[in-house]
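Peer 1: For reference, the file work.csv (CSV, C-alpha atoms) is included below:
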```
chain,number,residue,atom,x,y,z
A,94,MET,CA,0.0,0.0,0.0
A,95,SER,CA,1.6,3.2,-1.2
A,96,GLN,CA,1.2,6.7,0.2
A,97,VAL,CA,1.1,7.9,-3.5
A,98,GLN,CA,-2.5,7.6,-4.8
A,99,THR,CA,-3.9,8.3,-8.3
A,100,MET,CA,-7.2,10.0,-8.8
A,101,MET,CA,-9.1,11.8,-11.5
A,102,HIS,CA,-8.6,15.6,-11.3
A,103,PRO,CA,-12.1,17.1,-10.5
A,104,THR,CA,-12.0,19.8,-13.2
A,105,LEU,CA,-9.2,19.0,-15.7
A,106,ASN,CA,-10.4,15.4,-16.4
A,107,GLU,CA,-7.0,13.8,-16.2
A,108,GLU,CA,-5.4,11.3,-13.9
A,109,ILE,CA,-3.1,12.8,-11.4
A,110,GLU,CA,-0.8,11.4,-8.6
A,111,ILE,CA,-1.3,12.7,-5.1
A,112,PHE,CA,1.3,12.2,-2.4
A,113,HIS,CA,-0.7,11.5,0.8
A,114,PRO,CA,1.6,10.9,3.8
A,115,THR,CA,0.2,10.0,7.3
A,116,PHE,CA,-0.1,13.2,9.3
A,117,MET,CA,-0.5,13.0,13.1
A,118,GLN,CA,0.1,14.9,16.3
A,119,SER,CA,3.5,13.9,17.7
A,120,SER,CA,4.1,16.4,20.5
A,121,HIS,CA,2.6,19.3,22.4
A,122,PHE,CA,3.3,21.7,25.2
A,123,LYS,CA,1.2,24.0,27.2
A,124,THR,CA,1.7,27.6,28.3
A,125,ASN,CA,-0.2,29.5,31.0
A,126,PHE,CA,-1.6,32.0,28.5
A,127,PRO,CA,-3.4,31.9,25.1
A,128,VAL,CA,-0.9,31.8,22.3
A,129,VAL,CA,-2.1,34.3,19.7
A,130,GLY,CA,0.8,34.2,17.3
A,131,ILE,CA,3.3,31.6,16.2
A,132,ALA,CA,6.2,31.6,13.7
A,133,ALA,CA,8.9,29.1,13.0
A,134,LEU,CA,12.4,29.2,11.6
A,135,PRO,CA,13.5,26.5,9.0
A,136,SER,CA,15.1,23.6,10.7
A,137,ALA,CA,18.9,23.5,10.7
A,138,THR,CA,20.6,20.4,9.3
A,139,LYS,CA,20.4,17.5,11.8
A,140,ALA,CA,18.3,19.6,14.3
A,141,LEU,CA,15.2,18.1,15.8
A,142,GLY,CA,13.1,20.9,14.2
A,143,GLY,CA,13.1,24.6,13.7
A,144,ASP,CA,13.0,27.1,16.6
A,145,ILE,CA,9.5,28.4,17.1
A,146,PHE,CA,8.5,31.8,18.4
A,147,ILE,CA,5.2,32.4,20.2
A,148,VAL,CA,3.5,35.6,21.4
A,149,GLY,CA,0.9,36.0,24.0
A,150,SER,CA,0.0,37.6,27.3
A,151,PRO,CA,-0.1,36.0,30.8
A,152,LYS,CA,-2.7,38.6,31.6
A,153,HIS,CA,-4.8,38.0,28.5
A,154,TYR,CA,-8.0,38.4,30.6
A,155,ARG,CA,-7.2,42.1,30.7
A,156,PHE,CA,-7.4,42.2,27.0
A,157,ASP,CA,-10.6,40.3,27.0
A,158,ALA,CA,-12.1,42.6,29.7
A,159,ALA,CA,-11.0,45.7,27.9
A,160,LEU,CA,-12.7,44.4,24.7
A,161,ARG,CA,-16.0,43.7,26.5
A,162,ALA,CA,-16.0,47.0,28.3
A,163,GLU,CA,-14.8,48.9,25.2
A,164,MET,CA,-12.1,50.6,27.1
A,165,GLU,CA,-8.3,50.6,26.8
A,166,ASP,CA,-6.0,48.7,29.1
A,167,THR,CA,-2.3,48.0,29.1
A,168,VAL,CA,-1.5,44.3,28.8
A,169,PRO,CA,1.9,42.8,29.3
A,170,VAL,CA,3.0,40.7,26.4
A,171,SER,CA,5.8,38.1,26.1
A,172,ILE,CA,7.6,36.6,23.1
A,173,LEU,CA,9.2,33.3,23.7
A,174,ARG,CA,11.7,31.3,21.7
A,175,LEU,CA,11.4,27.5,21.9
A,176,ARG,CA,14.0,25.0,20.8
A,177,PRO,CA,13.3,21.2,20.7
A,178,PHE,CA,15.6,18.8,22.4
A,179,TYR,CA,15.7,15.3,23.9
A,180,TYR,CA,16.8,14.3,27.5
A,181,VAL,CA,19.3,11.5,27.6
A,182,PHE,CA,20.5,10.0,30.9
A,183,ASN,CA,24.3,10.2,31.1
A,184,ARG,CA,25.6,7.2,33.1
A,185,SER,CA,28.9,8.8,33.8
A,186,THR,CA,27.7,12.0,35.4
A,187,LYS,CA,24.4,10.5,36.6
A,188,GLU,CA,22.6,13.5,35.1
A,189,ASN,CA,20.3,14.1,32.1
A,190,ASP,CA,22.0,15.7,29.1
A,191,LYS,CA,20.1,17.8,26.6
A,192,ILE,CA,20.5,16.6,23.0
A,193,TYR,CA,19.7,19.0,20.2
A,194,THR,CA,20.7,17.1,17.1
A,195,ILE,CA,19.5,13.8,15.6
A,196,ASP,CA,23.0,12.5,14.9
A,197,ASP,CA,24.2,12.7,18.5
A,198,PRO,CA,25.8,9.3,19.4
A,199,ARG,CA,24.3,9.6,22.9
A,200,LEU,CA,20.9,9.0,21.4
A,201,LYS,CA,21.9,5.4,20.6
A,202,SER,CA,21.2,4.1,24.1
A,203,GLY,CA,19.9,0.8,22.9
A,204,THR,CA,16.5,-0.8,22.2
A,205,ARG,CA,15.2,-4.3,23.0
A,206,ASN,CA,17.2,-6.3,20.4
A,207,ASN,CA,19.7,-3.7,19.4
A,208,ARG,CA,22.4,-2.2,21.6
A,209,GLU,CA,22.9,0.6,19.2
A,210,GLY,CA,19.2,1.3,18.7
A,211,ILE,CA,17.6,4.6,19.1
A,212,PRO,CA,14.5,4.4,21.3
A,213,GLU,CA,11.4,6.7,20.9
A,214,ARG,CA,11.8,9.7,23.1
A,215,LYS,CA,9.6,12.5,24.4
A,216,ARG,CA,10.4,15.9,22.8
A,217,TRP,CA,11.0,18.7,25.2
A,218,TRP,CA,11.2,22.4,24.5
A,219,GLU,CA,13.7,24.8,25.8
A,220,ALA,CA,12.0,28.2,26.4
A,221,THR,CA,13.7,31.5,26.4
A,222,THR,CA,11.9,34.8,26.9
A,223,ILE,CA,13.3,37.1,24.2
A,224,TRP,CA,11.1,40.0,25.0
A,225,THR,CA,8.5,41.0,27.6
A,226,GLY,CA,6.9,44.4,28.1
A,227,LEU,CA,3.9,46.7,27.8
A,228,ASP,CA,4.7,48.2,24.3
A,229,PHE,CA,1.9,46.3,22.6
A,230,GLY,CA,-0.9,48.3,24.4
A,231,ALA,CA,-4.0,46.2,24.4
A,232,GLY,CA,-2.2,42.9,23.7
A,233,GLY,CA,-0.1,40.9,21.3
A,234,GLY,CA,-1.4,39.8,17.9
A,235,GLY,CA,1.0,38.0,15.7
A,236,VAL,CA,4.7,37.3,15.3
A,237,ALA,CA,6.9,36.7,12.3
A,238,VAL,CA,10.5,35.6,12.2
A,239,ARG,CA,13.3,35.6,9.5
A,240,ASP,CA,16.9,34.4,9.7
A,241,THR,CA,19.0,36.8,7.7
A,242,GLY,CA,22.2,34.8,8.2
A,243,ALA,CA,23.7,37.4,10.4
A,244,GLU,CA,20.9,37.5,13.0
A,245,VAL,CA,17.3,36.4,13.6
A,246,ILE,CA,14.8,39.2,13.2
A,247,VAL,CA,11.6,38.8,15.1
A,248,MET,CA,8.6,41.1,14.4
A,249,GLY,CA,5.7,41.3,16.7
A,250,VAL,CA,2.4,43.1,16.1
A,251,GLY,CA,-0.3,44.1,18.4
A,252,GLY,CA,-2.2,47.1,19.7
A,253,GLY,CA,-1.4,49.0,16.5
A,254,ILE,CA,2.3,48.8,17.0
A,255,ILE,CA,4.9,46.8,15.1
A,256,SER,CA,8.1,46.0,17.1
A,257,GLU,CA,11.3,44.5,15.7
A,258,PHE,CA,13.9,42.6,17.7
A,259,GLY,CA,17.2,41.1,16.8
A,260,VAL,CA,18.2,37.9,18.6
B,1495,MET,CA,5.7,35.5,-8.4
B,1496,ARG,CA,4.6,35.3,-4.8
B,1497,LEU,CA,1.2,34.3,-3.8
B,1498,LEU,CA,-0.4,35.2,-0.5
B,1499,VAL,CA,-3.3,33.2,1.1
B,1500,VAL,CA,-5.7,34.9,3.5
B,1501,SER,CA,-8.4,33.1,5.4
B,1502,TYR,CA,-11.4,34.7,7.1
B,1503,PRO,CA,-14.9,33.9,8.1
B,1504,GLU,CA,-17.4,34.9,5.4
B,1505,ASN,CA,-20.3,34.5,7.8
B,1506,ILE,CA,-20.9,32.9,11.2
B,1507,ASP,CA,-20.9,29.3,9.8
B,1508,GLU,CA,-18.4,29.3,7.0
B,1509,GLY,CA,-15.3,31.0,5.7
B,1510,VAL,CA,-13.2,31.4,2.6
B,1511,VAL,CA,-9.6,31.6,1.5
B,1512,GLU,CA,-8.5,34.4,-0.8
B,1513,VAL,CA,-5.4,33.9,-3.0
B,1514,ILE,CA,-3.6,37.2,-3.8
B,1515,ASP,CA,-0.7,37.8,-6.1
B,1516,TYR,CA,2.0,39.9,-4.6
B,1517,HIS,CA,4.3,41.2,-7.3
B,1518,LEU,CA,7.0,43.8,-7.6
B,1519,PRO,CA,6.7,45.7,-10.8
B,1520,PRO,CA,10.1,46.8,-12.0
B,1521,ALA,CA,10.5,50.5,-12.5
B,1522,SER,CA,13.2,52.2,-14.4
B,1523,PHE,CA,14.3,55.8,-14.4
B,1524,LEU,CA,17.2,57.8,-15.8
B,1525,THR,CA,19.9,58.2,-13.2
B,1526,ASN,CA,22.2,60.2,-15.4
B,1527,ILE,CA,22.8,60.7,-19.0
B,1528,PHE,CA,24.9,57.5,-19.3
B,1529,GLY,CA,22.5,54.9,-18.2
B,1530,ILE,CA,19.2,53.6,-16.9
B,1531,LYS,CA,19.0,52.2,-13.4
B,1532,HIS,CA,16.5,49.4,-12.8
B,1533,THR,CA,14.9,49.5,-9.4
B,1534,GLU,CA,11.8,48.3,-7.6
B,1535,ARG,CA,9.1,50.2,-5.9
B,1536,GLY,CA,6.6,48.9,-3.4
B,1537,GLY,CA,4.8,45.6,-4.2
B,1538,GLU,CA,1.3,45.5,-5.6
B,1539,LEU,CA,-1.5,43.1,-4.8
B,1540,SER,CA,-3.9,41.6,-7.3
B,1541,TYR,CA,-6.8,39.2,-6.8
B,1542,VAL,CA,-6.2,35.6,-8.0
B,1543,ALA,CA,-8.9,33.3,-6.6
B,1544,THR,CA,-11.3,32.5,-3.9
B,1545,ILE,CA,-11.4,29.0,-2.5
B,1546,LYS,CA,-14.5,27.7,-0.7
B,1547,SER,CA,-14.9,24.4,1.1
B,1548,ALA,CA,-17.3,22.8,3.6
B,1549,TYR,CA,-14.2,22.3,5.8
B,1550,PHE,CA,-13.6,26.0,6.2
B,1551,THR,CA,-16.1,26.4,9.1
B,1552,SER,CA,-14.5,29.3,11.0
B,1553,PRO,CA,-11.0,29.9,9.6
B,1554,ALA,CA,-8.4,31.6,11.8
B,1555,GLY,CA,-4.8,30.8,10.9
B,1556,ILE,CA,-3.3,29.8,7.6
B,1557,VAL,CA,0.1,28.8,6.3
B,1558,ALA,CA,0.9,27.9,2.7
B,1559,VAL,CA,3.4,25.2,1.5
B,1560,LYS,CA,5.1,24.7,-1.8
B,1561,ASP,CA,4.2,21.1,-2.1
B,1562,GLN,CA,1.4,20.0,-4.4
B,1563,PRO,CA,0.4,23.3,-6.0
B,1564,SER,CA,-2.6,23.4,-8.4
B,1565,LEU,CA,-2.1,22.4,-12.0
B,1566,LEU,CA,-1.8,25.1,-14.6
B,1567,SER,CA,-4.2,25.3,-17.5
B,1568,GLU,CA,-5.0,27.7,-20.3
B,1569,ILE,CA,-7.5,29.5,-18.1
B,1570,ASP,CA,-5.6,29.3,-14.9
B,1571,THR,CA,-2.0,30.5,-15.1
B,1572,HIS,CA,-1.4,30.8,-11.3
B,1573,ALA,CA,-0.2,27.8,-9.4
B,1574,ILE,CA,-2.3,28.1,-6.3
B,1575,PRO,CA,-0.4,26.7,-3.3
B,1576,SER,CA,-1.7,24.0,-0.9
B,1577,PHE,CA,-2.2,25.2,2.6
B,1578,TYR,CA,-3.0,24.3,6.2
B,1579,LEU,CA,-5.8,26.2,7.9
B,1580,THR,CA,-7.2,26.2,11.4
B,1581,ASN,CA,-10.9,26.4,12.3
B,1582,THR,CA,-11.7,28.0,15.7
B,1583,TYR,CA,-14.9,26.0,15.7
B,1584,GLN,CA,-15.8,22.9,13.8
B,1585,GLY,CA,-19.6,22.8,14.1
B,1586,SER,CA,-22.1,25.4,13.1
B,1587,GLY,CA,-25.4,26.7,14.3
B,1588,LEU,CA,-26.9,25.0,17.4
B,1589,SER,CA,-24.2,22.4,17.7
B,1590,ARG,CA,-21.5,25.0,17.9
B,1591,GLN,CA,-23.4,27.0,20.4
B,1592,ILE,CA,-24.2,24.1,22.7
B,1593,ILE,CA,-21.2,21.7,22.3
B,1594,GLU,CA,-18.3,24.1,21.7
B,1595,LYS,CA,-19.4,27.3,23.4
B,1596,THR,CA,-21.6,26.3,26.3
B,1597,LEU,CA,-20.2,22.9,27.1
B,1598,ARG,CA,-16.7,24.0,26.0
B,1599,ILE,CA,-15.8,20.7,24.3
B,1600,ALA,CA,-12.7,21.3,22.2
B,1601,ARG,CA,-13.5,20.5,18.6
B,1602,GLY,CA,-11.4,23.0,16.7
B,1603,ASP,CA,-9.5,21.4,13.8
B,1604,LEU,CA,-6.6,21.7,11.4
B,1605,VAL,CA,-7.5,21.3,7.7
B,1606,PHE,CA,-5.1,20.6,4.8
B,1607,TYR,CA,-6.3,21.9,1.4
B,1608,ASN,CA,-4.6,20.1,-1.4
B,1609,ALA,CA,-4.6,22.5,-4.3
B,1610,LYS,CA,-3.5,19.8,-6.8
B,1611,ALA,CA,-6.5,17.6,-6.0
B,1612,GLU,CA,-8.8,20.7,-5.3
B,1613,GLY,CA,-10.0,19.1,-2.1
B,1614,ALA,CA,-9.7,19.6,1.7
B,1615,LEU,CA,-9.0,17.0,4.4
B,1616,ARG,CA,-9.3,17.3,8.2
B,1617,VAL,CA,-5.8,16.3,9.5
B,1618,GLY,CA,-6.0,17.4,13.2
B,1619,PHE,CA,-9.0,17.8,15.5
B,1620,GLY,CA,-10.1,18.1,19.1
B,1621,MET,CA,-8.2,21.3,19.8
B,1622,ASP,CA,-9.4,24.2,22.0
B,1623,ARG,CA,-10.0,27.1,19.6
B,1624,PRO,CA,-6.9,26.8,17.5
B,1625,HIS,CA,-5.6,30.0,16.2
B,1626,ALA,CA,-2.2,30.7,14.6
B,1627,VAL,CA,-0.5,28.0,12.5
B,1628,SER,CA,3.1,27.9,11.3
B,1629,THR,CA,5.6,25.4,9.7
B,1630,ASP,CA,9.3,25.1,9.8
B,1631,ASP,CA,9.2,23.3,6.5
B,1632,ALA,CA,7.7,25.7,3.9
B,1633,GLU,CA,8.5,23.2,1.1
B,1634,ALA,CA,6.4,20.2,2.2
B,1635,GLY,CA,4.9,21.1,5.5
B,1636,GLY,CA,6.6,18.2,7.2
B,1637,ARG,CA,6.1,19.8,10.7
B,1638,VAL,CA,3.1,22.0,11.4
B,1639,TYR,CA,2.7,23.9,14.7
B,1640,VAL,CA,-0.8,25.0,15.8
B,1641,SER,CA,-1.4,27.3,18.8
B,1642,THR,CA,-4.6,27.4,20.7
B,1643,GLN,CA,-6.5,29.9,22.8
B,1644,GLY,CA,-6.2,27.4,25.6
B,1645,GLY,CA,-2.4,28.0,25.6
B,1646,GLU,CA,-1.4,24.7,23.9
B,1647,VAL,CA,1.0,24.4,21.0
B,1648,ASN,CA,0.5,21.2,19.1
B,1649,LEU,CA,3.1,19.7,16.7
B,1650,PHE,CA,1.8,17.7,13.8
B,1651,GLU,CA,4.2,15.7,11.7
B,1652,GLN,CA,4.2,13.8,8.4
B,1653,PHE,CA,5.2,10.1,8.6
B,1654,PHE,CA,6.5,8.3,5.6
B,1655,VAL,CA,6.2,4.6,5.1
B,1656,ASP,CA,7.6,2.4,2.3
B,1657,SER,CA,5.1,-0.4,2.7
B,1658,VAL,CA,2.4,-1.6,5.1
B,1659,SER,CA,2.2,-5.0,6.7
B,1660,LEU,CA,-0.6,-7.4,5.5
B,1661,SER,CA,-2.3,-7.2,8.9
B,1662,MET,CA,-2.4,-3.3,8.7
B,1663,ALA,CA,-3.7,-3.5,5.1
B,1664,LEU,CA,-6.5,-5.8,6.2
B,1665,LEU,CA,-7.3,-3.6,9.2
B,1666,THR,CA,-7.6,-0.6,6.9
B,1667,LEU,CA,-9.9,-2.5,4.5
B,1668,VAL,CA,-12.2,-3.3,7.5
B,1669,TRP,CA,-11.9,0.2,9.0
B,1670,ARG,CA,-12.5,2.3,5.8
B,1671,PRO,CA,-16.2,1.3,5.2
B,1672,THR,CA,-16.9,2.1,8.9
B,1673,PHE,CA,-15.1,5.4,8.6
B,1674,ASN,CA,-17.0,6.3,5.4
B,1675,ARG,CA,-20.4,5.5,7.0
B,1676,SER,CA,-19.7,7.8,10.0
B,1677,HIS,CA,-19.0,10.8,7.7
```
Will you turn the file into structure tokens for me?
Peer 2:
Amino acid sequence: MSQVQTMMHPTLNEEIEIFHPTFMQSSHFKTNFPVVGIAALPSATKALGGDIFIVGSPKHYRFDAALRAEMEDTVPVSILRLRPFYYVFNRSTKENDKIYTIDDPRLKSGTRNNREGIPERKRWWEATTIWTGLDFGAGGGGVAVRDTGAEVIVMGVGGGIISEFGV
Amino acid sequence: MRLLVVSYPENIDEGVVEVIDYHLPPASFLTNIFGIKHTERGGELSYVATIKSAYFTSPAGIVAVKDQPSLLSEIDTHAIPSFYLTNTYQGSGLSRQIIEKTLRIARGDLVFYNAKAEGALRVGFGMDRPHAVSTDDAEAGGRVYVSTQGGEVNLFEQFFVDSVSLSMALLTLVWRPTFNRSH
């Protein structure tokens, strides 16, 4: 059974091939505030995934209350950077090491019939607050990110203001 | 050529996706008597297409991928991209009001629109008012991140298989008619 399927195109009346991979949820994490904007950098070679950036407010209820009452309020907003990693137990130091790349030999901790096997691991996210403040007025809206090669530019929008940060 | 996709609710029960062409028209002007300098001024937007689907119940976030664009024809000269779209609510009317708003049962979903096949597919569901969506793989959408109003960020991934075991194939054959009946 292949993940490539053929079908008749609905309007062009010709047979086409559709690549149809299995798509499922593999991981999740939870913050203590509604995440209103998300952006991701392309994954580096051998990384577990691209860094993601989220924007939201721990005091989102203020934004909600201000909207209901049709009055302005100042809402603190945070932008976080999240980097995926695995925890691997280090037998020498008796501590957990953080692994950020898929080719790290420490991931080969062995599976049932293979001493060099790589077991399934839970994905963790290393969070760094790259900005927090009151500049967005009534609350954060969206976030965009671009790697220029020299630095990563993060743009956040909300409350009628666009802010730019270099990280 | 760069195409933008914009999703928005058209009314309370359904939404649409607009495809917009963002292009930079070249402008040239005389810099001095010896030559002409080519430069670019601000981009322009022009309408390309509107996409409707029963799966676009209350669109919120959208992200386009390069994989599986629409086929070009004599009439249609724009390759519309495939995209992922989040719906804040899945149901409509009374079911949305009672199940999703009053009882607060999370039923928001993630939909993949395959522009080549001109069809949509629900690929993620059971989320609490999903909102923004992004991918770190703009080519194929191998990893898609969905954020929710409940503060959760969900990672969805594509999984590739070369072949399926006989038992799995038989299970799929049994399961598929059941699935079709329930939809």
Peer 1: Quick check, in Å to one decimal: how far apart do atom CA of A:Leu141 and atom CA of B:Ala1600 lie?
Peer 2: 28.8 Å
Peer 1: Give the answer as one residue: which of A:His102, A:Asp144, A:Ser150, A:Gln96 has the shortest atom-to-atom distance to A:Asn125, using only C-alpha atoms?
Peer 2: A:Ser150
Peer 1: Under the rule that all atoms listed in the file are counted, which of A:Ala162, A:Val148, A:Val238, A:Ile246 is the nearest residue to A:Gly226?
Peer 2: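 Residue with the minimum atom-to-atom distance to A:Gly226: A:Val148.
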Peer 1: May I ask you to extract the residues of chain B within 8 Å of chain A, using all atoms listed in the file, and to give them as a PDB file with C-alpha atoms, keeping the file's coordinate frame?
Peer 2:
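What follows is the written file part.pdb:
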```pdb
ATOM      1  CA  GLN B1562       1.400  20.000  -4.400  1.00  0.00           C
ATOM      2  CA  LYS B1610      -3.500  19.800  -6.800  1.00  0.00           C
ATOM      3  CA  ALA B1611      -6.500  17.600  -6.000  1.00  0.00           C
ATOM      4  CA  GLU B1612      -8.800  20.700  -5.300  1.00  0.00           C
ATOM      5  CA  VAL B1617      -5.800  16.300   9.500  1.00  0.00           C
ATOM      6  CA  GLY B1618      -6.000  17.400  13.200  1.00  0.00           C
ATOM      7  CA  HIS B1625      -5.600  30.000  16.200  1.00  0.00           C
ATOM      8  CA  ALA B1626      -2.200  30.700  14.600  1.00  0.00           C
ATOM      9  CA  VAL B1627      -0.500  28.000  12.500  1.00  0.00           C
ATOM     10  CA  SER B1628       3.100  27.900  11.300  1.00  0.00           C
ATOM     11  CA  THR B1629       5.600  25.400   9.700  1.00  0.00           C
ATOM     12  CA  ASP B1630       9.300  25.100   9.800  1.00  0.00           C
ATOM     13  CA  ASP B1631       9.200  23.300   6.500  1.00  0.00           C
ATOM     14  CA  ALA B1632       7.700  25.700   3.900  1.00  0.00           C
ATOM     15  CA  ARG B1637       6.100  19.800  10.700  1.00  0.00           C
ATOM     16  CA  TYR B1639       2.700  23.900  14.700  1.00  0.00           C
ATOM     17  CA  VAL B1640      -0.800  25.000  15.800  1.00  0.00           C
ATOM     18  CA  SER B1641      -1.400  27.300  18.800  1.00  0.00           C
ATOM     19  CA  THR B1642      -4.600  27.400  20.700  1.00  0.00           C
ATOM     20  CA  GLN B1643      -6.500  29.900  22.800  1.00  0.00           C
ATOM     21  CA  GLY B1644      -6.200  27.400  25.600  1.00  0.00           C
ATOM     22  CA  GLY B1645      -2.400  28.000  25.600  1.00  0.00           C
ATOM     23  CA  GLU B1646      -1.400  24.700  23.900  1.00  0.00           C
ATOM     24  CA  VAL B1647       1.000  24.400  21.000  1.00  0.00           C
ATOM     25  CA  ASN B1648       0.500  21.200  19.100  1.00  0.00           C
ATOM     26  CA  LEU B1649       3.100  19.700  16.700  1.00  0.00           C
ATOM     27  CA  PHE B1650       1.800  17.700  13.800  1.00  0.00           C
ATOM     28  CA  GLU B1651       4.200  15.700  11.700  1.00  0.00           C
ATOM     29  CA  GLN B1652       4.200  13.800   8.400  1.00  0.00           C
ATOM     30  CA  PHE B1653       5.200  10.100   8.600  1.00  0.00           C
ATOM     31  CA  PHE B1654       6.500   8.300   5.600  1.00  0.00           C
ATOM     32  CA  VAL B1655       6.200   4.600   5.100  1.00  0.00           C
ATOM     33  CA  ASP B1656       7.600   2.400   2.300  1.00  0.00           C
ATOM     34  CA  SER B1657       5.100  -0.400   2.700  1.00  0.00           C
ATOM     35  CA  VAL B1658       2.400  -1.600   5.100  1.00  0.00           C
ATOM     36  CA  ALA B1663      -3.700  -3.500   5.100  1.00  0.00           C
TER      37      ALA B1663
END
```
Peer 1: One decimal, in Å: what's the spacing between atom CA of B:Asp1603 and atom CA of B:Ala1634?
Peer 2: 19.7 Å
Peer 1: Hey, which of A:Asn206, A:Asn189, A:Gly232, A:Tyr179 ends up closest to A:Trp218? Count all atoms listed in the file.
Peer 2: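 Result for the nearest residue to A:Trp218: A:Tyr179.
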Peer 1: I want to know what sits within 7 Å of B:Asp1507, based on all atoms listed in the file, with residues of the same chain fewer than 4 positions away left out; could you give that as a list in words?
Peer 2: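 The filter keeps Thr1551, Ser1552, Ser1586 and Gly1587 of chain B.
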Peer 1: Report, in Å with one decimal, the straight-line distance from atom CA of B:Glu1508 to atom CA of A:Ala159.
Peer 2: 27.6 Å
Peer 1: So that I can see what lies close to stretch 1539-1545 of chain B, please list as a list in words the residues with an atom at most 9 Å from it, counting only C-alpha atoms and leaving out residues fewer than 4 positions away in the same chain.
Peer 2: Leu1497, Val1510, Val1511, Glu1512, Val1513, Ile1514, Asp1515, Tyr1516, His1517, Leu1518, His1572 and Ile1574 of chain B
Peer 1: Tell me which protein, DNA and RNA residues are within 12 Å of B:Gln1584, counting all atoms listed in the file, leaving out same-chain ones fewer than 5 positions away, and put them as JSON, numbers by chain.
Peer 2: {"B": [1506, 1507, 1508, 1509, 1548, 1549, 1550, 1551, 1552, 1553, 1554, 1589, 1590, 1591, 1593, 1594, 1595, 1599, 1600, 1601, 1602, 1603, 1604, 1605, 1616, 1618, 1619, 1620, 1621, 1622, 1623, 1624]}
Peer 1: Show me, as number ranges by chain, the residues that have an atom within 10 Å of A:Asn183 when counting only C-alpha atoms, minus same-chain residues fewer than 6 positions from it.
Peer 2: A: 189-191, 199, 202
Peer 1: Could you list, as a list in words, every residue within 8 Å of A:Gly259, counting only C-alpha atoms and ignoring same-chain residues fewer than 3 positions away?
Peer 2: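 Answer for this query is Glu244, Val245, Ile246 and Val247 of chain A.
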